[in-house]
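Have a look at the structure below before the remarks.
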There are 2 protein chains.
Amino acid sequence: MTTDKAGIVETLVSRLGDSGVLRDDDALSRYTHDWAGDALGTPLAVVRPRTTDEVADIVRLCNEHDLRMVPQGGHTGLVGGAFPDRDQDELIISLERMNRIRDLDPVNFSMTVDAGCILEEVKQAADTEDCDFPLSLGAQGSCQIGGNIATNAGGLNVLRYGMMRELVLGLEVVLPNGEIWDGLSALHKDNRGYDLAQLFLGSEGTLGIVTGAVLKLVPKAEQTRTALLGLPSVAAVIELYTLARRGCSDLLSAFELIPRRCIELAMEASPQLSDPLDEAYPWYVLMEVAATGPIDLSEMLERLLENGMEKDLVLDGALASSDAQSQNLWQFRESMLEGQRLKGKHLRTDVSVPISAIPDFVDRAAVMVSDVSPDSTVIAYGHIGDGNLHFNILPPPDTSNEERRVLLHDLEQRLFAILDEFRGSISAEHGIGRTKQAAYLARLSPTERELMQGIKSLFDPKGVMSRGRILPE
Amino acid sequence: MTTDKAGIVETLVSRLGDSGVLRDDDALSRYTHDWAGDALGTPLAVVRPRTTDEVADIVRLCNEHDLRMVPQGGHTGLVGGAFPDRDQDELIISLERMNRIRDLDPVNFSMTVDAGCILEEVKQAADTEDCDFPLSLGAQGSCQIGGNIATNAGGLNVLRYGMMRELVLGLEVVLPNGEIWDGLSALHKDNRGYDLAQLFLGSEGTLGIVTGAVLKLVPKAEQTRTALLGLPSVAAVIELYTLARRGCSDLLSAFELIPRRCIELAMEASPQLSDPLDEAYPWYVLMEVAATGPIDLSEMLERLLENGMEKDLVLDGALASSDAQSQNLWQFRESMLEGQRLKGKHLRTDVSVPISAIPDFVDRAAVMVSDVSPDSTVIAYGHIGDGNLHFNILPPPDTSNEERRVLLHDLEQRLFAILDEFRGSISAEHGIGRTKQAAYLARLSPTERELMQGIKSLFDPKGVMSRGRILPE
């Protein structure tokens, strides 16, 4: 069937009204630039449904006419999954007008939301009942719950609360044929048949469009303590992590590795920041504990610090004694990202290895970089409790863009090869989308590829939904 | 193709040796009785591979010859999933000789095990590194990890640590065609494509045979406190639960509802037990908190108790001040199961509703039972934090077996109908297997059924693996 694209768009306008279908270039520009500012392809149009039924209508129509669709959330994805890669070929279905909190149940510790709700707004709504939705991301002011689900989002508190996968009780999904799957269950436990919701978590929009979700809440923390510690080596960081897991029970909510270079980058990006400890140390840990109830968190952190110092793991440390001090410490974690951006094009990775393998992996990878490009700078930071490193590389400042491209690609290939020896992942939390597809496919066994393709074909036999993401066209 | 069953068994004997293939009735009897002692069908034979490669060989052979197989673990399933239902038709593949601890990594908080390892032995192995594998079940002395995975096992500590789904990092699975899927990843975070491991969790042996797993560990608790509290109503239990979630941070590891009748059943079954509180109360809560590090758990429980008493939620309570006292309190939870068994055939259910709906559900269901069969006794106990109730019904003692069968079936149908109004689950943790299939299918939407069938066909196009479980033949 030849797709009468213009005709379909007209039909959509007649159903959704002018404000429901955006077509002119000005209006579209907001939907065609990702978080990094890169412009990608132009969509045929952006449709903005308000209800699940409207999403189902749109999808049914597109499926009937073989028109490709891509669901889009808050544009904060990092692998190009929610953007068209060529012009006038795909319809973007934006969930941004589906942003209702449908229900909040503090006794069941759950809330039901539209997929277009912004993460920050979900957290604020939970807060009104002294609860928290414990997903915590740099992008939480703009990312949407549907995108968090489609990408199985991670972030800063995975160590304690798990990935998005562990924070979802139920889902409502419009399947690629336009049927609505109502899996909006608020049950904490349910062992009936294959768990379909799990398939959509991390499917990056390829199996259907998530329109609603029941999220798991936790009691809002009554107290939080933050510490920034200076350590001599990555091995010391790992040993301190095992002490912290034991010394802080299950109350450890963040344990971030930060190299000295990142502290410097943060201070360059935010000149109001001053060196956090009296001396400079090769590695830092930014950690946080949080609790409700009668627990002395300061004592807990002080004991850990003493213990770490006795064992020569911790060289110095600052414990925040107020919210302002705590925010100041977290400012380093945030500003170092801006500091990297100011350095221009560089290699950003999102890899994972078993926690016990982190020191070896970092050593091996750093040696590789210094062999290949001695003037490049390694900045390896990340979420230790998840074995998740952002092992990034800044090329020498005087290299041209084209030289950078070639060098960074080469470094990435070599880094991934080392990763393979550790049975690591080339994408711990960002997903595959389009940008990581080649590296992903190169590592997929024939059996896995067949099963993945089979799942895609089962849900989307015509290949109309987010085609070309994760798996190739 | 006509299946030459005897020929296949001979081939298996030649490959696995006599001790690897059991055929005579005496040897088979151990594999044909489930936990409740009910005899089911007789298998063609029981094969007992020692390695993943042997499992793959067996499965490939059976698949080629269209011979049906069913994997079997520790025989503690409750829905008849691991037993043949007719004679000489299926081959049982027992994992019992695959019981190696392959690796224990206390820094990554993970261990890699064969699927035939018994849960208790896994926990003991973790203990040698001051860790715990936090799945906790009545059957842990005989159930196997592979069965725990296939059924997505729950148990007593789900409230804190989640179901088996949340305790598995990676899986090794022999697919129904005999291929080995090596998903034995020890990564805590990995967002590459659809998460295949999630499909096997809870698949009840229908998609493949789990042969190995990487399990998530937690630090071993250094201190544990247990309390048994008397409460006036289920509503008070639920309100106390919300206070406990807040007052005990994330350290609450069990919160069990027990009705007075169960305390009595426990004392009948274990005459050494005496009434735990000075007076009898309509409802009890058995709760536990556990921690490592500098936390005063006694103070935590005392404060909760005071708070609950001030609000008239808690009428009386006993706090265990020693391990022996704690074990004594848990003895009520264990003996009440034996007490029920002594009452002969009765209705056992495993349902869930949102936690906030528990009081209404229990009320509605109890009224229904007293309307239909005023002389029956309701015993509703369960895991409050999971919304999971075992709403069981003892029929009047003087009814015949046939009367019981008819009455209990009728009560179950009515109970499930009430459950439907609460969007509850007819199987919170036990799964579907064969015994719950009819009630499951009656509640499955056409869309869901098509997707479930599609998944089954994708993994097992010939239908040779655990055929007739979850979905009908």
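FYI, nothing fancy with the structure tokens labels: chains A, B, ... in order, residues from 1 per chain, ligands from 1 as they appear.
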Picked from stretch 246-451 of chain B by DSSP as strand (DSSP E or B), as JSON, numbers by chain = {"B": [252, 253, 254, 255, 256, 257, 258, 259, 283, 284, 285, 286, 287, 288, 289, 290, 291, 316, 317, 318, 319, 347, 351, 352, 377, 378, 379, 380, 381, 382, 383, 388, 389, 390, 391, 392, 393, 394, 425]}
Chain A residues near chain B within 7 Å, closest pair each, using only C-alpha atoms, as a Markdown table:
```
| residue | atom | partner | partner_atom | distance |
| --- | --- | --- | --- | --- |
| A:Val107 | CA | B:Ser356 | CA | 5.3 |
| A:Asn108 | CA | B:Ile355 | CA | 4.8 |
| A:Ala186 | CA | B:Pro354 | CA | 5.8 |
| A:Leu187 | CA | B:Pro354 | CA | 5.2 |
| A:His188 | CA | B:Asp386 | CA | 5.1 |
| A:Lys189 | CA | B:Ala428 | CA | 5.2 |
| A:Asp190 | CA | B:Ala428 | CA | 4.1 |
| A:Asn191 | CA | B:Gly431 | CA | 5.0 |
| A:Arg192 | CA | B:Gly431 | CA | 5.8 |
| A:Gly193 | CA | B:Ile470 | CA | 6.2 |
| A:Tyr194 | CA | B:Ser203 | CA | 5.7 |
| A:Asp195 | CA | B:Leu199 | CA | 6.8 |
| A:Gln198 | CA | B:Gln198 | CA | 6.4 |
| A:Leu199 | CA | B:Tyr194 | CA | 6.2 |
| A:Gly202 | CA | B:Tyr194 | CA | 6.3 |
| A:Ser203 | CA | B:Tyr194 | CA | 5.8 |
| A:Pro219 | CA | B:Arg246 | CA | 5.8 |
| A:Thr242 | CA | B:Val107 | CA | 6.2 |
| A:Arg245 | CA | B:Pro219 | CA | 6.9 |
| A:Arg246 | CA | B:Thr292 | CA | 5.8 |
| A:Gly247 | CA | B:Gly293 | CA | 4.3 |
| A:Cys248 | CA | B:Gly293 | CA | 5.6 |
| A:Ser249 | CA | B:Thr292 | CA | 4.7 |
| A:Asp250 | CA | B:Asp250 | CA | 6.5 |
| A:Leu251 | CA | B:Asp250 | CA | 7.0 |
| A:Ala291 | CA | B:Ser249 | CA | 5.4 |
| A:Thr292 | CA | B:Ser249 | CA | 4.7 |
| A:Gly293 | CA | B:Gly247 | CA | 4.3 |
| A:Pro294 | CA | B:Met300 | CA | 6.1 |
| A:Ile295 | CA | B:Ile295 | CA | 6.1 |
| A:Met300 | CA | B:Pro294 | CA | 6.1 |
| A:Ser352 | CA | B:Lys189 | CA | 6.7 |
| A:Val353 | CA | B:Leu187 | CA | 5.9 |
| A:Pro354 | CA | B:Leu187 | CA | 5.2 |
| A:Ile355 | CA | B:Asn108 | CA | 4.8 |
| A:Ser356 | CA | B:Asn108 | CA | 5.2 |
| A:Asp386 | CA | B:His188 | CA | 5.1 |
| A:Gly387 | CA | B:His188 | CA | 6.4 |
| A:Asn388 | CA | B:Lys189 | CA | 6.9 |
| A:Ser425 | CA | B:Asp190 | CA | 6.0 |
| A:Ser427 | CA | B:Asn191 | CA | 5.7 |
| A:Ala428 | CA | B:Asp190 | CA | 4.1 |
| A:Glu429 | CA | B:Asn191 | CA | 5.2 |
| A:His430 | CA | B:Asn191 | CA | 6.7 |
| A:Gly431 | CA | B:Asn191 | CA | 5.0 |
| A:Ile432 | CA | B:Arg192 | CA | 6.1 |
| A:Met452 | CA | B:Tyr194 | CA | 6.7 |
| A:Gly454 | CA | B:Leu458 | CA | 6.5 |
| A:Leu458 | CA | B:Gly454 | CA | 6.4 |
| A:Ile470 | CA | B:Gly193 | CA | 6.2 |
```
request  = Record the distance separating atom CA of B:Gln88 and atom CA of B:Leu61, expressed in Å with one decimal.
outcome  =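 Rounded to one decimal, the two atoms are 17.2 Å apart.
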request  = Within 12 Å of A:Glu402, counting only C-alpha atoms, which residues show up once you throw out same-chain ones fewer than 6 positions away? Write them as a list in words, please.
outcome  =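 Result of the neighbour search: Lys345, His346, Pro395, Leu408 and His409 of chain A.
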Who sits within 9 Å of stretch 410-417 of chain B, only C-alpha atoms, same chain under 5 positions skipped, as a compact mmCIF listing (two decimals) with N, CA and C atoms, in the first residue's frame:
```
# COMPACT_ATOMS: atom_id res chain seq x y z
N LEU B 347 -9.85 -24.93 51.81
CA LEU B 347 -9.52 -24.05 50.68
C LEU B 347 -8.28 -23.23 51.01
N ARG B 348 -7.27 -23.34 50.16
CA ARG B 348 -6.06 -22.54 50.32
C ARG B 348 -5.98 -21.61 49.12
N THR B 349 -5.85 -20.34 49.38
CA THR B 349 -5.71 -19.38 48.29
C THR B 349 -4.45 -18.55 48.48
N VAL B 351 -3.90 -14.87 47.22
CA VAL B 351 -4.43 -13.75 46.45
C VAL B 351 -3.72 -12.45 46.83
N ALA B 365 -15.12 -10.56 51.81
CA ALA B 365 -14.96 -12.00 51.63
C ALA B 365 -15.49 -12.77 52.84
N MET B 368 -19.21 -12.92 52.68
CA MET B 368 -19.61 -13.91 51.68
C MET B 368 -19.55 -15.32 52.27
N VAL B 369 -18.47 -15.64 52.95
CA VAL B 369 -18.32 -16.99 53.50
C VAL B 369 -19.41 -17.25 54.55
N VAL B 372 -22.68 -17.96 52.76
CA VAL B 372 -22.75 -19.22 52.00
C VAL B 372 -22.61 -20.44 52.92
N SER B 373 -21.73 -20.32 53.90
CA SER B 373 -21.44 -21.48 54.75
C SER B 373 -21.10 -21.01 56.14
N PHE B 391 -6.03 -16.30 51.98
CA PHE B 391 -7.39 -16.28 52.53
C PHE B 391 -7.92 -17.70 52.44
N ILE B 393 -10.05 -21.20 53.92
CA ILE B 393 -11.35 -21.49 54.53
C ILE B 393 -11.39 -22.95 54.97
N ARG B 405 -15.44 -30.82 48.68
CA ARG B 405 -14.95 -30.48 47.35
C ARG B 405 -15.89 -29.47 46.67
N GLY B 424 -7.73 -7.63 41.91
CA GLY B 424 -6.74 -8.44 42.61
C GLY B 424 -6.19 -9.54 41.74
N SER B 425 -5.26 -10.31 42.31
CA SER B 425 -4.68 -11.44 41.59
C SER B 425 -5.10 -12.75 42.25
N ILE B 426 -5.47 -13.74 41.43
CA ILE B 426 -5.80 -15.06 41.97
C ILE B 426 -4.54 -15.84 42.31
N ALA B 439 -9.03 -20.68 36.22
CA ALA B 439 -9.35 -19.36 36.78
C ALA B 439 -8.51 -18.27 36.11
```
request  = Find the spatial neighbours of stretch 284-286 of chain A, counting only C-alpha atoms, within a cut-off of 6 Å - ignore same-chain residues fewer than 3 positions away - and output them as a list in words.
outcome  =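 Those residues are Ala227, Leu228, Leu229, Gly230, Leu231, Phe255, Glu256, Leu257, Ile258 and Pro259 of chain A.
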